[in-house]
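Enquirer: The structure's right below; bear with me while I get my questions together.
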Amino acid sequence: MGQNILVTGGAGYIGSHACKALARAGFTPIAFDNLSTGWAGAVKYGPLFQGDLTDRASVAAALAEYQPLAVMHFAALSLVGESMRDPETYWRVNVNGALNLISATVAAGIRNFIFSSTCATYGDQDGVVLTEATRQAPINAYGGSKRAIEDMLRDFGASHGLNHVIFRYFNVAGADPEGELGEQHQPETHLIPLMLEAVQGKRPALTVFGDDYPTPDGTCLRDYVHVSDLVDAHVLGLNWLLDGRPSRDFNLGSGKGFSVREVIEASRFVTNRDVPVIQGARRPGDAAALVSGSERALEELGWQPKRSELRQMIGDAWAWAQKPGYQA
């Protein structure tokens, strides 16, 4: 079947950008998605196979039909607060879904797997730049479920020779610079699009959750990486496996931490508009600071994050926010 790559969550924010990057690199992305949070209109660069990871039969059917060279796994529930309120769903959907996918992948004779993980697996380790050697100690069910899938991949690697690349990242931001794709969730929960909706008057204000964290201005610090840079790393990770390189973990980030207030100030500069703000309480499960060291990806993959400056990411997101977006 040539250069097919199965992309779970391929109709979602990051997955759709990955499909574009794969197509540009000469692969055919097969978007596997149940469209619960994704958009059919975001599937532009290859076919859509509508299926659900919790249904092993649909996973096996997609693998049999397209016989991909590799699987790129983005599909997951990913809201920290929700995972704290409803851990059962996160463990059932994320972990059981991944087990179905990984076991079906092995059964189909596919041995290359790229996994979208998260710096949330490291938990709350303030004042530390997170590297691949940092101890993983997740503090919420979302991070815990992702850590469990990482362990699963290592086990299947040892028993079945499943070669894998694990990417850990935290706040993905921005939009396709060419304007074909962007970030659109229902409901929206990510800081930058929420902030831009407040700027546009689509919501009354942006709620800042907590102002008493042990950070310079009391708000959470996060490392932001541009979605286009992020998916470029995934293509490099795919080629790493196709070249016969060993399983490897990589952190992806800019190496800089920005507070919520700093993001708001950058938005004022980019949009030339004020951001209406409401101060809220802390959310359970939120770490004070998460900053990702990415030296391994830079040195071993040759990754070059070209657009991961805060104003650039907000500028691309702002351009997308002024478009009609995907239609339900």
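By convention in this document, the chains of the structure tokens carry letters A, B, ... by their order, each chain's residues are numbered from 1, and ligands are numbered from 1 in the order they are shown.
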Find the spatial neighbours of range 40-47 of chain A, counting only C-alpha atoms, within a cut-off of 8 Å - ignore same-chain residues fewer than 4 positions away - and output them as a VMD selection string.
Expert: chain A and resid 10 to 12 16 19 to 20 23 28 to 31 35 181 326 to 327
Enquirer: I'd like the interatomic distance between CA of Leu53 in chain A and CA of Arg92 in chain A, to a tenth of an Å.
Expert: 10.7 Å
Enquirer: Among range 281-327 of chain A, which ones does DSSP assign to helix (DSSP H, G or I) (computed from the backbone)? Answer as an MDAnalysis selection string.
Expert: chainID A and resid 295:301 310:321
Enquirer: So, counting only C-alpha atoms, which residue among A:Ile110, A:Ala321, A:Val275, A:Leu298 is closest to Ala60 in chain A?
Expert: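 Comparing A:Ile110, A:Ala321, A:Val275, A:Leu298 against Ala60 in chain A, the winner is A:Ile110.
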Enquirer: What's the 7 Å shell around His226 in chain A, counting only C-alpha atoms, without same-chain residues fewer than 6 positions away, as a list of chain:residue names?
Expert: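 Answer for this query is A:Val172, A:Ala173, A:Gly174, A:Arg307, A:Ser308, A:Met313.
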Enquirer: So, counting only C-alpha atoms, which residue among A:Glu299, A:Asp316, A:Glu150, A:Asp223 is closest to Val270 in chain A?
Expert: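 Smallest separation from Val270 in chain A among the options: A:Asp316.
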Enquirer: Counting only C-alpha atoms, what is within 10 Å of Ser83 in chain A, bar same-chain residues fewer than 3 positions away, as a list of chain:residue names?
Expert: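 Close residues of Ser83 in chain A: A:Leu77, A:Ser78, A:Leu79, A:Val80, A:Asp86, A:Pro87, A:Glu88, A:Thr89, A:Tyr90, A:Trp91, A:Asn140, A:Ala141, A:Tyr142, A:Gly143, A:Gly144, A:Ser145, A:Pro284, A:Gly285.
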Enquirer: What is the distance, in Å and to one decimal place, between CA of Asn112 in chain A and CA of Val71 in chain A?
Expert: 6.5 Å
Enquirer: Show which residues sit within 8 Å of range 248-265 of chain A, as an mmCIF file with N, CA, C and O atoms, in the first residue's frame. Count only C-alpha atoms, and ignore same-chain residues fewer than 2 positions away.
Expert:
```
data_model
loop_
_atom_site.group_PDB
_atom_site.id
_atom_site.type_symbol
_atom_site.label_atom_id
_atom_site.label_comp_id
_atom_site.auth_asym_id
_atom_site.auth_seq_id
_atom_site.Cartn_x
_atom_site.Cartn_y
_atom_site.Cartn_z
ATOM 1 N N CYS A 119 4.112 16.277 28.534
ATOM 2 C CA CYS A 119 4.957 16.605 29.684
ATOM 3 C C CYS A 119 4.185 16.485 30.992
ATOM 4 O O CYS A 119 4.798 16.534 32.073
ATOM 5 N N VAL A 129 13.885 22.233 34.453
ATOM 6 C CA VAL A 129 13.648 22.057 33.027
ATOM 7 C C VAL A 129 13.543 20.558 32.780
ATOM 8 O O VAL A 129 14.455 19.794 33.084
ATOM 9 N N THR A 131 13.666 17.080 31.245
ATOM 10 C CA THR A 131 14.356 16.331 30.190
ATOM 11 C C THR A 131 13.838 14.901 30.200
ATOM 12 O O THR A 131 13.084 14.499 31.096
ATOM 13 N N GLU A 132 14.288 14.145 29.224
ATOM 14 C CA GLU A 132 13.834 12.765 29.116
ATOM 15 C C GLU A 132 14.272 11.924 30.312
ATOM 16 O O GLU A 132 13.706 10.856 30.559
ATOM 17 N N HIS A 164 9.194 2.213 18.529
ATOM 18 C CA HIS A 164 8.330 3.366 18.800
ATOM 19 C C HIS A 164 9.141 4.614 19.122
ATOM 20 O O HIS A 164 10.263 4.534 19.616
ATOM 21 N N VAL A 165 8.544 5.731 18.812
ATOM 22 C CA VAL A 165 9.033 7.041 19.244
ATOM 23 C C VAL A 165 7.943 7.674 20.081
ATOM 24 O O VAL A 165 6.771 7.708 19.679
ATOM 25 N N ILE A 166 8.322 8.145 21.266
ATOM 26 C CA ILE A 166 7.399 8.829 22.174
ATOM 27 C C ILE A 166 7.779 10.309 22.196
ATOM 28 O O ILE A 166 8.927 10.655 22.471
ATOM 29 N N PHE A 167 6.817 11.164 21.916
ATOM 30 C CA PHE A 167 7.024 12.614 21.997
ATOM 31 C C PHE A 167 6.242 13.162 23.183
ATOM 32 O O PHE A 167 5.026 12.958 23.280
ATOM 33 N N ARG A 168 6.922 13.862 24.063
ATOM 34 C CA ARG A 168 6.268 14.507 25.209
ATOM 35 C C ARG A 168 6.312 16.018 25.002
ATOM 36 O O ARG A 168 7.371 16.602 24.871
ATOM 37 N N TYR A 169 5.127 16.627 25.037
ATOM 38 C CA TYR A 169 5.063 18.083 24.898
ATOM 39 C C TYR A 169 3.899 18.585 25.721
ATOM 40 O O TYR A 169 3.070 17.813 26.184
ATOM 41 N N PHE A 170 3.860 19.882 25.897
ATOM 42 C CA PHE A 170 2.760 20.395 26.710
ATOM 43 C C PHE A 170 1.865 21.320 25.912
ATOM 44 O O PHE A 170 0.999 20.863 25.185
ATOM 45 N N ILE A 192 -4.827 30.096 24.602
ATOM 46 C CA ILE A 192 -4.714 31.105 23.538
ATOM 47 C C ILE A 192 -6.011 31.262 22.747
ATOM 48 O O ILE A 192 -6.484 32.391 22.560
ATOM 49 N N MET A 195 -8.488 33.079 24.939
ATOM 50 C CA MET A 195 -8.114 34.484 25.045
ATOM 51 C C MET A 195 -8.539 35.256 23.791
ATOM 52 O O MET A 195 -9.088 36.367 23.879
ATOM 53 N N VAL A 208 -8.678 33.472 34.388
ATOM 54 C CA VAL A 208 -7.328 33.076 34.779
ATOM 55 C C VAL A 208 -7.458 32.231 36.038
ATOM 56 O O VAL A 208 -7.919 32.709 37.078
ATOM 57 N N ASP A 217 4.726 35.959 38.774
ATOM 58 C CA ASP A 217 3.512 36.780 38.832
ATOM 59 C C ASP A 217 2.313 36.017 39.399
ATOM 60 O O ASP A 217 1.183 36.501 39.360
ATOM 61 N N THR A 219 0.841 33.318 38.335
ATOM 62 C CA THR A 219 0.073 32.487 37.404
ATOM 63 C C THR A 219 0.961 31.364 36.866
ATOM 64 O O THR A 219 2.190 31.433 36.915
ATOM 65 N N CYS A 220 0.315 30.322 36.359
ATOM 66 C CA CYS A 220 1.046 29.138 35.893
ATOM 67 C C CYS A 220 2.019 29.472 34.766
ATOM 68 O O CYS A 220 1.722 30.318 33.902
ATOM 69 N N LEU A 221 3.141 28.779 34.770
ATOM 70 C CA LEU A 221 4.123 28.889 33.692
ATOM 71 C C LEU A 221 4.015 27.669 32.787
ATOM 72 O O LEU A 221 3.947 26.535 33.267
ATOM 73 N N ARG A 222 4.023 27.921 31.484
ATOM 74 C CA ARG A 222 3.966 26.832 30.524
ATOM 75 C C ARG A 222 4.926 27.090 29.365
ATOM 76 O O ARG A 222 5.209 28.231 29.004
ATOM 77 N N ASP A 223 5.378 25.994 28.787
ATOM 78 C CA ASP A 223 6.226 26.021 27.602
ATOM 79 C C ASP A 223 5.314 25.830 26.387
ATOM 80 O O ASP A 223 4.532 24.883 26.340
ATOM 81 N N TYR A 224 5.411 26.729 25.426
ATOM 82 C CA TYR A 224 4.556 26.663 24.236
ATOM 83 C C TYR A 224 5.387 26.279 23.017
ATOM 84 O O TYR A 224 6.503 26.760 22.841
ATOM 85 N N VAL A 225 4.822 25.412 22.181
ATOM 86 C CA VAL A 225 5.473 25.009 20.941
ATOM 87 C C VAL A 225 4.461 25.146 19.807
ATOM 88 O O VAL A 225 3.282 24.808 19.962
ATOM 89 N N LEU A 230 5.794 21.242 15.885
ATOM 90 C CA LEU A 230 5.541 19.974 16.575
ATOM 91 C C LEU A 230 5.365 18.828 15.585
ATOM 92 O O LEU A 230 5.976 17.762 15.730
ATOM 93 N N PRO A 246 16.587 2.887 16.808
ATOM 94 C CA PRO A 246 15.931 2.250 17.962
ATOM 95 C C PRO A 246 14.822 3.118 18.563
ATOM 96 O O PRO A 246 14.744 4.323 18.313
ATOM 97 N N SER A 267 -0.634 38.887 23.660
ATOM 98 C CA SER A 267 -1.837 39.019 22.844
ATOM 99 C C SER A 267 -2.193 40.482 22.616
ATOM 100 O O SER A 267 -2.583 40.870 21.507
ATOM 101 N N ARG A 268 -2.057 41.289 23.648
ATOM 102 C CA ARG A 268 -2.335 42.724 23.479
ATOM 103 C C ARG A 268 -1.434 43.323 22.402
ATOM 104 O O ARG A 268 -1.863 44.154 21.603
ATOM 105 N N PHE A 269 -0.191 42.889 22.372
ATOM 106 C CA PHE A 269 0.748 43.406 21.371
ATOM 107 C C PHE A 269 0.339 42.951 19.974
ATOM 108 O O PHE A 269 0.335 43.745 19.027
ATOM 109 N N VAL A 275 -7.505 42.370 26.576
ATOM 110 C CA VAL A 275 -8.105 41.076 26.886
ATOM 111 C C VAL A 275 -8.917 41.222 28.166
ATOM 112 O O VAL A 275 -8.351 41.475 29.235
ATOM 113 N N ALA A 289 4.473 24.960 37.135
ATOM 114 C CA ALA A 289 5.393 25.280 36.047
ATOM 115 C C ALA A 289 5.804 24.012 35.314
ATOM 116 O O ALA A 289 6.154 23.013 35.937
ATOM 117 N N LEU A 290 5.744 24.059 33.991
ATOM 118 C CA LEU A 290 6.184 22.952 33.153
ATOM 119 C C LEU A 290 6.965 23.523 31.972
ATOM 120 O O LEU A 290 6.395 24.206 31.116
ATOM 121 N N VAL A 291 8.252 23.275 31.953
ATOM 122 C CA VAL A 291 9.113 23.745 30.871
ATOM 123 C C VAL A 291 9.889 22.549 30.338
ATOM 124 O O VAL A 291 10.488 21.794 31.103
ATOM 125 N N SER A 292 9.874 22.380 29.023
ATOM 126 C CA SER A 292 10.433 21.180 28.404
ATOM 127 C C SER A 292 11.777 21.466 27.761
ATOM 128 O O SER A 292 11.894 22.345 26.906
ATOM 129 N N GLY A 293 12.786 20.719 28.172
ATOM 130 C CA GLY A 293 14.067 20.752 27.484
ATOM 131 C C GLY A 293 14.018 19.863 26.258
ATOM 132 O O GLY A 293 13.529 18.735 26.330
ATOM 133 N N SER A 294 14.509 20.367 25.123
ATOM 134 C CA SER A 294 14.365 19.639 23.856
ATOM 135 C C SER A 294 15.700 19.356 23.184
ATOM 136 O O SER A 294 15.753 19.143 21.968
ATOM 137 N N ARG A 296 17.636 16.798 23.114
ATOM 138 C CA ARG A 296 17.755 15.509 22.437
ATOM 139 C C ARG A 296 17.141 15.565 21.043
ATOM 140 O O ARG A 296 17.730 15.062 20.069
ATOM 141 N N ALA A 297 15.961 16.168 20.922
ATOM 142 C CA ALA A 297 15.310 16.272 19.606
ATOM 143 C C ALA A 297 16.126 17.150 18.662
ATOM 144 O O ALA A 297 16.242 16.859 17.462
ATOM 145 N N PRO A 305 12.689 24.042 15.661
ATOM 146 C CA PRO A 305 11.421 24.772 15.866
ATOM 147 C C PRO A 305 11.551 26.207 15.367
ATOM 148 O O PRO A 305 12.182 27.044 16.002
ATOM 149 N N SER A 308 8.214 28.818 16.960
ATOM 150 C CA SER A 308 7.787 28.707 18.361
ATOM 151 C C SER A 308 8.182 29.898 19.222
ATOM 152 O O SER A 308 8.617 29.751 20.362
ATOM 153 N N GLU A 309 8.044 31.098 18.679
ATOM 154 C CA GLU A 309 8.124 32.323 19.462
ATOM 155 C C GLU A 309 6.694 32.719 19.835
ATOM 156 O O GLU A 309 5.775 32.586 19.022
ATOM 157 N N LEU A 310 6.514 33.231 21.045
ATOM 158 C CA LEU A 310 5.165 33.450 21.562
ATOM 159 C C LEU A 310 4.340 34.350 20.645
ATOM 160 O O LEU A 310 3.188 34.036 20.326
#
```
Enquirer: Measuring atom to atom with only C-alpha atoms, identify which of A:Ala198, A:Leu242, A:Ala76, A:Ala175 is nearest to Ile5 in chain A.
Expert: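 Closest to Ile5 in chain A of all the choices is A:Leu242.
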Enquirer: Considering only C-alpha atoms, can you say which of A:Ser228, A:Asp274, A:Leu101, A:Arg135 comes closest to Gln304 in chain A?
Expert: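 Closest residue, counting only C-alpha atoms: A:Ser228.
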Enquirer: Work out how far CA of Asn171 in chain A is from CA of Asp229 in chain A, in Å to one decimal.
Expert: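 It comes out at 12.4 Å.
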Enquirer: Residues near Thr134 in chain A, anyone? I mean within 10 Å using only C-alpha atoms, not counting same-chain ones fewer than 5 positions away, as a PyMOL selection string.
Expert: chain A and resi 121-122+125+128-129
